[in-house]
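Shown next: protein-v7.txt, given as compact mmCIF, C-alpha atoms.
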# COMPACT_ATOMS: atom_id res chain seq x y z
CA MET A 1 228.22 -164.46 237.37
CA HIS A 2 225.61 -166.54 235.60
CA ASN A 3 226.47 -170.16 234.90
CA PHE A 4 226.29 -170.50 231.13
CA ASP A 5 226.36 -174.31 230.93
CA ARG A 6 222.64 -174.53 230.17
CA ILE A 7 222.65 -171.81 227.54
CA LYS A 8 225.72 -173.36 225.89
CA GLN A 9 223.87 -176.65 225.62
CA GLN A 10 220.88 -174.88 224.05
CA ILE A 11 223.10 -173.13 221.52
CA ASP A 12 224.87 -176.41 220.69
CA PHE A 13 221.44 -177.71 219.67
CA ILE A 14 221.04 -174.69 217.36
CA TYR A 15 224.39 -175.45 215.72
CA GLU A 16 223.47 -179.11 215.19
CA ILE A 17 220.08 -178.53 213.61
CA ASP A 18 221.59 -176.13 211.09
CA LYS A 19 222.46 -179.25 209.08
CA VAL A 20 218.89 -179.31 207.72
CA LYS A 21 219.92 -176.43 205.46
CA SER A 22 221.85 -179.00 203.44
CA ILE A 23 219.03 -181.56 203.30
CA PHE A 24 217.14 -181.15 200.07
CA ARG A 25 213.59 -182.24 199.51
CA LYS A 26 212.18 -183.86 196.37
CA THR A 27 210.15 -180.81 195.39
CA LYS A 28 211.34 -177.61 193.78
CA LEU A 29 210.55 -174.04 194.86
CA PHE A 30 207.41 -172.35 193.52
CA ASP A 31 209.52 -170.80 190.75
CA GLY A 32 211.00 -174.21 189.88
CA SER A 33 214.58 -172.90 190.04
CA ARG A 34 215.99 -175.48 192.46
CA TYR A 35 215.11 -178.02 195.16
CA GLU A 36 213.98 -176.69 198.52
CA ASN A 37 215.83 -177.51 201.73
CA ASP A 38 214.21 -178.52 205.01
CA ALA A 39 214.76 -175.17 206.77
CA GLU A 40 213.13 -173.26 203.91
CA HIS A 41 210.23 -175.72 203.82
CA SER A 42 209.63 -175.27 207.55
CA TRP A 43 209.74 -171.48 207.24
CA THR A 44 207.07 -171.49 204.52
CA ILE A 45 204.66 -173.87 206.22
CA CYS A 46 204.90 -171.95 209.52
CA ILE A 47 203.79 -168.81 207.75
CA MET A 48 201.02 -170.74 205.98
CA ALA A 49 199.73 -171.99 209.33
CA ILE A 50 199.72 -168.45 210.72
CA MET A 51 198.05 -166.85 207.71
CA LEU A 52 195.44 -169.61 207.35
CA LYS A 53 194.67 -170.27 211.02
CA GLU A 54 191.11 -168.98 210.55
CA TYR A 55 190.32 -172.17 208.56
CA ALA A 56 191.22 -174.66 211.31
CA ASN A 57 188.45 -177.15 212.05
CA PHE A 58 188.78 -176.36 215.79
CA GLU A 59 190.50 -174.12 218.31
CA ILE A 60 194.26 -174.46 218.08
CA ASN A 61 197.27 -173.32 220.09
CA LEU A 62 199.19 -171.62 217.30
CA GLU A 63 202.44 -171.44 219.28
CA LYS A 64 202.42 -175.23 219.47
CA VAL A 65 201.57 -175.60 215.77
CA VAL A 66 204.48 -173.35 214.81
CA THR A 67 206.86 -175.16 217.17
CA MET A 68 205.89 -178.47 215.57
CA LEU A 69 206.42 -177.14 212.06
CA LEU A 70 209.76 -175.49 212.84
CA LEU A 71 211.17 -178.69 214.35
CA HIS A 72 209.41 -181.58 212.60
CA ASP A 73 212.11 -182.27 210.01
CA ILE A 74 215.28 -182.13 212.12
CA VAL A 75 215.21 -185.93 212.34
CA GLU A 76 216.18 -185.91 208.66
CA ILE A 77 219.69 -184.91 209.76
CA ASP A 78 220.14 -188.60 210.63
CA VAL A 79 217.57 -190.25 208.36
CA GLY A 80 217.57 -188.06 205.22
CA ASP A 81 214.54 -186.89 203.27
CA ILE A 82 212.56 -189.80 201.89
CA PHE A 83 209.96 -188.92 199.26
CA LEU A 84 206.37 -189.24 200.46
CA TYR A 85 205.60 -191.74 197.70
CA ASP A 86 208.69 -193.92 198.30
CA PRO A 87 207.84 -197.43 199.67
CA LYS A 88 210.90 -197.12 201.97
CA ARG A 89 208.87 -194.78 204.16
CA ALA A 90 207.05 -197.77 205.65
CA ASN A 91 210.05 -198.50 207.84
CA ILE A 92 211.32 -195.08 208.79
CA HIS A 93 209.41 -194.42 211.98
CA GLN A 94 211.82 -196.26 214.26
CA LYS A 95 214.84 -194.56 212.70
CA GLU A 96 213.21 -191.16 212.96
CA ASP A 97 212.35 -191.83 216.57
CA GLN A 98 215.97 -192.65 217.35
CA ALA A 99 217.06 -189.49 215.54
CA ALA A 100 214.59 -187.38 217.52
CA LYS A 101 215.90 -188.82 220.79
CA ARG A 102 219.51 -188.12 219.81
CA ILE A 103 218.96 -184.59 218.49
CA PHE A 104 216.50 -183.30 221.11
CA GLY A 105 218.78 -185.07 223.63
CA LEU A 106 221.36 -182.35 222.97
CA LEU A 107 219.09 -179.93 224.86
CA PRO A 108 218.94 -179.69 228.67
CA GLN A 109 216.90 -182.64 229.94
CA ASP A 110 213.65 -180.76 230.63
CA GLN A 111 213.63 -179.31 227.11
CA ALA A 112 214.81 -182.58 225.53
CA GLU A 113 211.77 -184.38 226.93
CA TYR A 114 209.32 -181.60 226.16
CA TYR A 115 210.34 -181.08 222.53
CA TYR A 116 210.64 -184.82 221.84
CA GLN A 117 207.01 -185.11 222.99
CA ILE A 118 206.00 -182.22 220.71
CA TRP A 119 207.75 -183.96 217.81
CA LEU A 120 205.99 -187.25 218.64
CA GLU A 121 202.63 -185.49 218.93
CA PHE A 122 203.11 -184.12 215.41
CA GLU A 123 204.06 -187.54 214.06
CA GLU A 124 201.03 -189.22 215.61
CA ARG A 125 198.58 -186.69 214.09
CA LYS A 126 196.00 -187.16 216.84
CA SER A 127 195.90 -183.74 218.53
CA ASN A 128 194.21 -180.73 216.95
CA GLU A 129 197.55 -178.95 216.64
CA ALA A 130 199.18 -181.93 214.92
CA LYS A 131 196.27 -182.29 212.49
CA PHE A 132 196.33 -178.63 211.57
CA ALA A 133 200.14 -178.49 211.25
CA THR A 134 200.12 -181.59 209.03
CA ALA A 135 197.79 -179.90 206.55
CA PHE A 136 200.56 -177.48 205.55
CA ASP A 137 203.41 -179.98 205.67
CA ARG A 138 201.49 -182.12 203.20
CA THR A 139 200.13 -179.47 200.86
CA GLU A 140 203.12 -177.16 200.32
CA PRO A 141 204.46 -179.67 197.70
CA ILE A 142 201.06 -179.63 195.98
CA LEU A 143 201.18 -175.84 195.66
CA GLN A 144 204.80 -176.05 194.50
CA ASN A 145 203.87 -178.50 191.75
CA TYR A 146 200.92 -176.30 190.83
CA LYS A 147 203.21 -173.30 190.41
CA ASN A 148 206.15 -175.10 188.75
CA GLU A 149 203.93 -177.14 186.41
CA GLY A 150 204.30 -180.53 188.07
CA LEU A 151 208.09 -180.82 188.04
CA SER A 152 208.37 -183.41 190.81
CA TRP A 153 205.13 -185.21 189.91
CA LYS A 154 206.27 -185.81 186.35
CA ALA A 155 209.84 -186.72 187.38
CA ASN A 156 208.55 -189.30 189.89
CA LYS A 157 205.50 -190.66 188.02
CA ILE A 158 202.99 -189.31 190.52
CA THR A 159 199.29 -189.39 189.55
CA LYS A 160 196.44 -187.28 190.92
CA GLU A 161 195.03 -190.34 192.70
CA MET A 162 198.35 -190.88 194.51
CA VAL A 163 198.44 -187.26 195.65
CA ILE A 164 194.92 -187.44 197.04
CA ALA A 165 195.45 -190.82 198.71
CA LYS A 166 198.63 -189.70 200.49
CA ASN A 167 197.49 -186.22 201.53
CA GLN A 168 193.75 -186.18 202.07
CA HIS A 169 194.12 -186.38 205.86
CA ALA A 170 194.96 -182.68 205.54
CA LYS A 171 191.18 -182.23 205.77
CA GLU A 172 191.32 -183.43 209.38
CA GLY A 173 193.03 -180.12 210.12
CA SER A 174 191.04 -177.90 207.78
CA GLU A 175 188.07 -178.94 205.65
CA ILE A 176 187.92 -175.59 203.87
CA TYR A 177 191.62 -175.53 203.01
CA TRP A 178 191.43 -179.10 201.70
CA GLN A 179 188.48 -178.13 199.46
CA PHE A 180 190.68 -175.33 198.08
CA ILE A 181 193.49 -177.84 197.47
CA LEU A 182 191.09 -180.17 195.61
CA LYS A 183 190.25 -177.30 193.26
CA ILE A 184 193.99 -176.75 192.70
CA LEU A 185 194.38 -180.47 191.94
CA ASP A 186 191.55 -180.32 189.38
CA GLU A 187 193.29 -177.41 187.69
CA CYS A 188 196.60 -179.31 187.70
CA GLU A 189 194.87 -182.25 186.03
CA GLN A 190 193.38 -180.02 183.32
CA LYS A 191 196.81 -178.53 182.67
CA GLY A 192 198.52 -181.92 182.45
CA TYR A 193 200.86 -181.54 185.43
CA PHE A 194 200.46 -185.14 186.67
CA HIS A 195 202.11 -188.28 185.39
CA ALA A 196 199.76 -189.69 182.82
CA GLU A 197 199.11 -193.41 183.31
CA ASN A 198 199.27 -195.60 180.25
CA MET B 1 180.39 -173.93 197.96
CA HIS B 2 182.93 -171.84 199.81
CA ASN B 3 184.16 -168.69 198.11
CA PHE B 4 187.90 -169.15 197.76
CA ASP B 5 188.80 -165.56 196.83
CA ARG B 6 190.19 -164.81 200.29
CA ILE B 7 192.22 -168.00 200.55
CA LYS B 8 193.61 -167.43 197.03
CA GLN B 9 194.79 -164.01 198.09
CA GLN B 10 196.48 -165.48 201.16
CA ILE B 11 198.23 -168.13 199.09
CA ASP B 12 199.36 -165.51 196.55
CA PHE B 13 201.16 -163.83 199.48
CA ILE B 14 202.89 -167.16 200.24
CA TYR B 15 204.07 -167.41 196.62
CA GLU B 16 205.42 -163.85 196.65
CA ILE B 17 207.40 -164.11 199.87
CA ASP B 18 209.14 -167.26 198.61
CA LYS B 19 211.53 -164.87 196.86
CA VAL B 20 213.45 -164.43 200.12
CA LYS B 21 214.92 -167.87 199.49
CA SER B 22 217.04 -166.22 196.80
CA ILE B 23 218.12 -163.27 198.97
CA PHE B 24 221.49 -164.01 200.48
CA ARG B 25 222.83 -162.41 203.61
CA LYS B 26 226.39 -161.29 204.25
CA THR B 27 227.10 -164.04 206.76
CA LYS B 28 227.86 -167.68 206.11
CA LEU B 29 226.27 -170.71 207.78
CA PHE B 30 227.75 -172.04 211.03
CA ASP B 31 229.80 -174.53 208.99
CA GLY B 32 231.04 -171.74 206.70
CA SER B 33 230.06 -173.64 203.55
CA ARG B 34 227.96 -170.89 201.91
CA TYR B 35 225.97 -167.70 202.54
CA GLU B 36 222.66 -168.02 204.34
CA ASN B 37 219.42 -166.88 202.75
CA ASP B 38 216.70 -164.90 204.51
CA ALA B 39 214.28 -167.82 204.91
CA GLU B 40 216.96 -169.97 206.55
CA HIS B 41 217.98 -167.09 208.81
CA SER B 42 214.38 -166.58 209.95
CA TRP B 43 213.95 -170.30 210.64
CA THR B 44 217.02 -170.39 212.89
CA ILE B 45 216.22 -167.29 214.91
CA CYS B 46 212.63 -168.44 215.51
CA ILE B 47 213.94 -171.64 217.04
CA MET B 48 216.47 -169.65 219.09
CA ALA B 49 213.67 -167.47 220.48
CA ILE B 50 211.66 -170.57 221.43
CA MET B 51 214.55 -172.44 223.03
CA LEU B 52 215.84 -169.38 224.92
CA LYS B 53 212.54 -167.81 225.97
CA GLU B 54 213.34 -168.47 229.63
CA TYR B 55 215.98 -165.71 229.45
CA ALA B 56 213.66 -162.89 228.36
CA ASN B 57 213.85 -159.83 230.62
CA PHE B 58 210.04 -159.83 230.90
CA GLU B 59 206.91 -161.76 230.04
CA ILE B 60 206.57 -162.19 226.29
CA ASN B 61 203.90 -163.40 223.89
CA LEU B 62 205.97 -166.00 222.06
CA GLU B 63 203.47 -166.35 219.20
CA LYS B 64 204.01 -162.67 218.42
CA VAL B 65 207.81 -162.97 218.70
CA VAL B 66 207.83 -165.88 216.26
CA THR B 67 205.50 -164.08 213.85
CA MET B 68 207.83 -161.06 213.85
CA LEU B 69 210.89 -163.21 213.20
CA LEU B 70 209.27 -165.26 210.43
CA LEU B 71 208.19 -162.12 208.56
CA HIS B 72 210.71 -159.40 209.41
CA ASP B 73 212.91 -159.82 206.34
CA ILE B 74 210.32 -160.10 203.56
CA VAL B 75 210.83 -156.39 202.81
CA GLU B 76 214.23 -157.41 201.42
CA ILE B 77 212.40 -158.78 198.38
CA ASP B 78 212.17 -155.14 197.25
CA VAL B 79 215.10 -153.57 199.10
CA GLY B 80 217.71 -156.35 199.18
CA ASP B 81 219.90 -157.35 202.12
CA ILE B 82 222.10 -154.48 203.27
CA PHE B 83 224.91 -155.41 205.64
CA LEU B 84 224.41 -154.17 209.20
CA TYR B 85 227.68 -152.22 209.06
CA ASP B 86 227.00 -150.59 205.67
CA PRO B 87 226.47 -146.78 205.89
CA LYS B 88 223.67 -147.15 203.28
CA ARG B 89 221.45 -148.53 206.03
CA ALA B 90 220.88 -144.99 207.32
CA ASN B 91 218.40 -144.38 204.51
CA ILE B 92 216.62 -147.68 204.14
CA HIS B 93 213.73 -147.28 206.53
CA GLN B 94 211.48 -145.46 204.08
CA LYS B 95 212.18 -147.98 201.32
CA GLU B 96 211.54 -150.88 203.69
CA ASP B 97 208.31 -149.28 204.82
CA GLN B 98 207.11 -149.01 201.21
CA ALA B 99 208.11 -152.63 200.63
CA ALA B 100 206.19 -153.74 203.73
CA LYS B 101 203.09 -151.91 202.54
CA ARG B 102 203.32 -153.48 199.08
CA ILE B 103 204.01 -157.04 200.23
CA PHE B 104 201.62 -157.24 203.20
CA GLY B 105 199.16 -155.42 200.94
CA LEU B 106 198.85 -158.66 198.94
CA LEU B 107 196.93 -160.14 201.90
CA PRO B 108 193.23 -159.50 202.56
CA GLN B 109 192.89 -156.01 204.05
CA ASP B 110 192.41 -157.05 207.69
CA GLN B 111 195.54 -159.20 207.59
CA ALA B 112 197.49 -156.64 205.55
CA GLU B 113 196.97 -154.05 208.27
CA TYR B 114 197.60 -156.41 211.16
CA TYR B 115 200.85 -157.87 209.82
CA TYR B 116 202.18 -154.52 208.64
CA GLN B 117 201.72 -153.30 212.23
CA ILE B 118 203.55 -156.38 213.56
CA TRP B 119 206.40 -155.66 211.14
CA LEU B 120 206.51 -152.02 212.23
CA GLU B 121 206.46 -152.99 215.90
CA PHE B 122 209.51 -155.17 215.31
CA GLU B 123 211.31 -152.38 213.47
CA GLU B 124 210.62 -149.85 216.25
CA ARG B 125 212.02 -152.13 218.97
CA LYS B 126 209.86 -150.63 221.71
CA SER B 127 207.60 -153.50 222.74
CA ASN B 128 208.85 -156.41 224.84
CA GLU B 129 208.26 -158.80 221.96
CA ALA B 130 210.22 -156.63 219.53
CA LYS B 131 213.13 -156.29 221.97
CA PHE B 132 213.31 -160.01 222.59
CA ALA B 133 212.97 -160.91 218.89
CA THR B 134 215.69 -158.43 217.96
CA ALA B 135 218.18 -160.14 220.29
CA PHE B 136 218.22 -163.20 218.01
CA ASP B 137 218.10 -161.32 214.72
CA ARG B 138 221.23 -159.46 215.81
CA THR B 139 223.21 -162.25 217.42
CA GLU B 140 222.81 -165.13 214.96
CA PRO B 141 225.59 -163.57 212.80
CA ILE B 142 227.83 -163.34 215.90
CA LEU B 143 227.39 -167.06 216.56
CA GLN B 144 227.95 -167.78 212.87
CA ASN B 145 231.23 -165.86 212.88
CA TYR B 146 232.20 -167.62 216.13
CA LYS B 147 231.66 -171.01 214.50
CA ASN B 148 233.11 -170.22 211.07
CA GLU B 149 236.13 -168.34 212.48
CA GLY B 150 235.09 -164.81 211.60
CA LEU B 151 234.56 -165.28 207.86
CA SER B 152 232.32 -162.23 207.35
CA TRP B 153 234.06 -160.09 209.99
CA LYS B 154 237.44 -160.51 208.31
CA ALA B 155 236.03 -160.09 204.79
CA ASN B 156 234.30 -156.82 205.78
CA LYS B 157 236.87 -155.35 208.23
CA ILE B 158 234.59 -155.65 211.24
CA THR B 159 236.15 -155.07 214.68
CA LYS B 160 234.92 -156.26 218.08
CA GLU B 161 233.98 -152.66 218.99
CA MET B 162 231.79 -152.36 215.88
CA VAL B 163 230.00 -155.61 216.72
CA ILE B 164 229.26 -154.48 220.27
CA ALA B 165 228.19 -150.98 219.22
CA LYS B 166 225.73 -152.27 216.60
CA ASN B 167 224.26 -155.14 218.58
CA GLN B 168 224.35 -154.37 222.29
CA HIS B 169 220.67 -153.40 222.34
CA ALA B 170 220.13 -157.18 222.31
CA LYS B 171 220.43 -156.85 226.08
CA GLU B 172 217.14 -154.94 226.13
CA GLY B 173 215.54 -158.27 225.28
CA SER B 174 217.71 -160.52 227.41
CA GLU B 175 220.45 -159.43 229.80
CA ILE B 176 221.58 -163.00 230.45
CA TYR B 177 221.79 -163.94 226.79
CA TRP B 178 223.77 -160.78 226.02
CA GLN B 179 226.23 -161.66 228.81
CA PHE B 180 226.67 -165.03 227.12
CA ILE B 181 227.28 -163.31 223.78
CA LEU B 182 229.92 -161.03 225.37
CA LYS B 183 231.77 -164.12 226.52
CA ILE B 184 231.60 -165.48 222.96
CA LEU B 185 232.98 -162.16 221.66
CA ASP B 186 235.89 -162.34 224.13
CA GLU B 187 236.69 -165.81 222.89
CA CYS B 188 236.49 -164.61 219.26
CA GLU B 189 238.96 -161.85 220.10
CA GLN B 190 241.40 -164.29 221.69
CA LYS B 191 241.18 -166.50 218.62
CA GLY B 192 241.76 -163.63 216.19
CA TYR B 193 238.40 -163.79 214.38
CA PHE B 194 237.94 -159.98 214.12
CA HIS B 195 239.51 -157.57 211.68
CA ALA B 196 242.68 -156.35 213.35
CA GLU B 197 242.99 -152.56 213.22
CA ASN B 198 246.39 -151.19 212.25

As structure tokens - that is how I would like this structure written.
Amino acid sequence: MHNFDRIKQQIDFIYEIDKVKSIFRKTKLFDGSRYENDAEHSWTICIMAIMLKEYANFEINLEKVVTMLLLHDIVEIDVGDIFLYDPKRANIHQKEDQAAKRIFGLLPQDQAEYYYQIWLEFEERKSNEAKFATAFDRTEPILQNYKNEGLSWKANKITKEMVIAKNQHAKEGSEIYWQFILKILDECEQKGYFHAEN
Amino acid sequence: MHNFDRIKQQIDFIYEIDKVKSIFRKTKLFDGSRYENDAEHSWTICIMAIMLKEYANFEINLEKVVTMLLLHDIVEIDVGDIFLYDPKRANIHQKEDQAAKRIFGLLPQDQAEYYYQIWLEFEERKSNEAKFATAFDRTEPILQNYKNEGLSWKANKITKEMVIAKNQHAKEGSEIYWQFILKILDECEQKGYFHAEN
């Protein structure tokens, strides 16, 4: 008879991270009907990374990219979703790090350490996989605002310059994809989707 | 200047498949608070496949497993979610196949063909990757009913025998994991989570 202690611990982790399905982001779905939750966001950006892998600036290990994207937001179970443009983000790293240690710590020790390191690698944005994964985490909201006519940009007084300043490191993962996003941003500007400064 | 026609087509696919976020399954979240949608379901079972890969009956290409699980339900955009125990499922394959051709057909032709084949491979459950991926697609609802005290089993008159008959091919992907699930089912029976036959 197999000892199921390890598998039970792994499944307990699955139960815990389900809480992200109740954590809502600050951006609405492409159709603008409601806010997106963290699980849905992760699902979309994983598929983006797969479908757009040909545009990576370098060779990538796609399995690692997808693992990063599936798991990167589980720390928000403890910390909540803080809008990219909110000044409070300056101080969240330590809290997110504690959350990552607690939540990945639910896994058996070998996995806890491995997946915490994957999470940290994504946060640090130094490896090729982290740079490429980040490109989709940062640009899904841009595409959402493009499709839903700037709902969260207008509601939160976000200008085009702010969007570029906060997201242009996406080009470190894919120059070509970032050029495409810049064209989208130009079109958004022409259509009046940004907050207009006085 | 890069020609963005291809990338536009790829992003149009991303917009289209977002509709799964409004397709609700027949099973509620682990906490029982509401029904789960297809995107959330796919997110969870991808992470299950990653965390439990050590239990696969054979060597697997995890990137392919995850790709199957992320994309397997997009056909429900056209066909809807039909409960596993609904007799109507006998006739859905042709409709799902048409849906897969339409939706993957939004991608550039090389990707359309490749991802349609991945979808078909999952449906046919013959390859190692398809068998392993299926184990999680089929058992997430069992774990959800275990955690939420049989909400969808009771509502739909599902017995323990029906659950085993419809899902036991999960063992073709992982014998050990299926043994764990059988223990969960025994516990569900003891706790009265199934529909009780008269």

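Considering all atoms listed in the file, the residue among B:Asn128, B:Gln10, B:Asn148, B:Asn91 positioned nearest to chain A is B:Gln10.
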
- Counting all atoms listed in the file, figure out which residue out of A:Lys131, A:Lys88, A:Lys28, A:Lys126 gets nearest to Leu69 (chain A). A:Lys131

- Message: Would you pick out the contacts of His2 (chain B) at 9 Å or less, using only C-alpha atoms, so that residues sharing its chain but fewer than 6 positions from it are not included, and give the list as a ChimeraX atom specification?
- Response: /A:176,179-180

Write the selection just made, keeping C-alpha atoms, as a PDB file, in the frame of the given file?
ATOM      1  CA  ILE A 176     187.920-175.590 203.870  1.00  0.00           C
ATOM      2  CA  GLN A 179     188.480-178.130 199.460  1.00  0.00           C
ATOM      3  CA  PHE A 180     190.680-175.330 198.080  1.00  0.00           C
TER       4      PHE A 180
END

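Shortest separation to Lys147 (chain B) among A:Asp5, A:Glu172, A:Asp81, A:Glu16 occurs at residue A:Glu16, atoms counted being all atoms listed in the file.
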
- Task: Find the residues of chain B in contact range of chain A, meaning any atom within 8 Å when counting all atoms listed in the file, and list them as a VMD selection string.
- Result: chain B and resid 2 4 7 10 to 11 14 to 15 18 21 29 to 30 39 to 40 42 to 44 47 to 48 50 to 52 62 to 63 67 70 176 to 177 180

- Task: Mind listing whatever residues come within 12 Å of the point (206.9, -180.4, 190.7)? Use all atoms listed in the file, file coordinates, and give them as a ChimeraX atom specification.
- Result: /A:25-36,140-159,163,188,192-195

- Message: At a cut-off of 8 Å, using only C-alpha atoms, what residues contact Leu106 (chain B)? Leave out same-chain residues fewer than 3 positions from it and give the result as a list in words.
- Response: Gln9, Gln10, Asp12, Phe13, Arg102, Ile103 and Ala112 of chain B

- Query: Pick the closest to Phe24 (chain B) from B:Ala99, B:Ile77, B:Ala135, B:Met68: which is it, counting only C-alpha atoms?
  - Reply: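 That would be B:Ile77, the residue with the smallest distance to Phe24 (chain B).
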
- Query: At what distance in Å, to one decimal, does CA of Phe132 (chain B) lie from CA of Ala170 (chain B)?
  - Reply: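 About the pair CA of Ala170 (chain B) and CA of Phe132 (chain B): they are 7.4 Å apart.
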
- Task: Go ahead and compute the interatomic distance for CA of Ala133 (chain B) and CA of Gly173 (chain B), in Å to one decimal.
- Result: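 That distance, rounded to one decimal, is 7.4 Å.
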
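Take CA of Lys53 (chain A) and CA of Glu96 (chain A): the distance between them is 28.0 Å.
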
Just need region 26-40 of chain B in a file, please: N, CA and C atoms, as a short mmCIF file (atom, residue, chain, number, x, y, z; two decimals), in the first residue's frame.
data_model
loop_
_atom_site.label_atom_id
_atom_site.label_comp_id
_atom_site.auth_asym_id
_atom_site.auth_seq_id
_atom_site.Cartn_x
_atom_site.Cartn_y
_atom_site.Cartn_z
N LYS B 26 -20.43 22.18 -14.19
CA LYS B 26 -21.51 21.70 -13.32
C LYS B 26 -21.03 21.45 -11.89
N THR B 27 -19.77 21.78 -11.64
CA THR B 27 -19.19 21.53 -10.32
C THR B 27 -18.76 22.85 -9.69
N LYS B 28 -18.96 22.92 -8.36
CA LYS B 28 -18.59 24.15 -7.66
C LYS B 28 -17.14 24.11 -7.19
N LEU B 29 -16.60 25.29 -6.89
CA LEU B 29 -15.24 25.41 -6.38
C LEU B 29 -15.06 24.57 -5.11
N PHE B 30 -13.83 24.35 -4.71
CA PHE B 30 -13.55 23.57 -3.50
C PHE B 30 -14.32 24.15 -2.30
N ASP B 31 -14.44 25.46 -2.23
CA ASP B 31 -15.14 26.06 -1.08
C ASP B 31 -16.66 26.10 -1.29
N GLY B 32 -17.13 25.60 -2.41
CA GLY B 32 -18.58 25.49 -2.65
C GLY B 32 -19.29 26.80 -2.94
N SER B 33 -18.54 27.89 -3.03
CA SER B 33 -19.19 29.22 -3.10
C SER B 33 -19.90 29.49 -4.43
N ARG B 34 -19.41 28.91 -5.53
CA ARG B 34 -20.04 29.17 -6.83
C ARG B 34 -19.52 28.14 -7.84
N TYR B 35 -20.14 28.09 -9.02
CA TYR B 35 -19.68 27.20 -10.08
C TYR B 35 -18.35 27.72 -10.63
N GLU B 36 -17.58 26.77 -11.13
CA GLU B 36 -16.26 27.09 -11.69
C GLU B 36 -16.40 27.30 -13.20
N ASN B 37 -15.64 28.24 -13.75
CA ASN B 37 -15.67 28.37 -15.21
C ASN B 37 -14.51 27.60 -15.84
N ASP B 38 -14.57 27.45 -17.14
CA ASP B 38 -13.62 26.61 -17.86
C ASP B 38 -12.16 27.09 -17.75
N ALA B 39 -11.97 28.41 -17.72
CA ALA B 39 -10.59 28.92 -17.62
C ALA B 39 -10.01 28.57 -16.25
N GLU B 40 -10.82 28.73 -15.22
CA GLU B 40 -10.36 28.42 -13.86
C GLU B 40 -10.06 26.93 -13.72
#
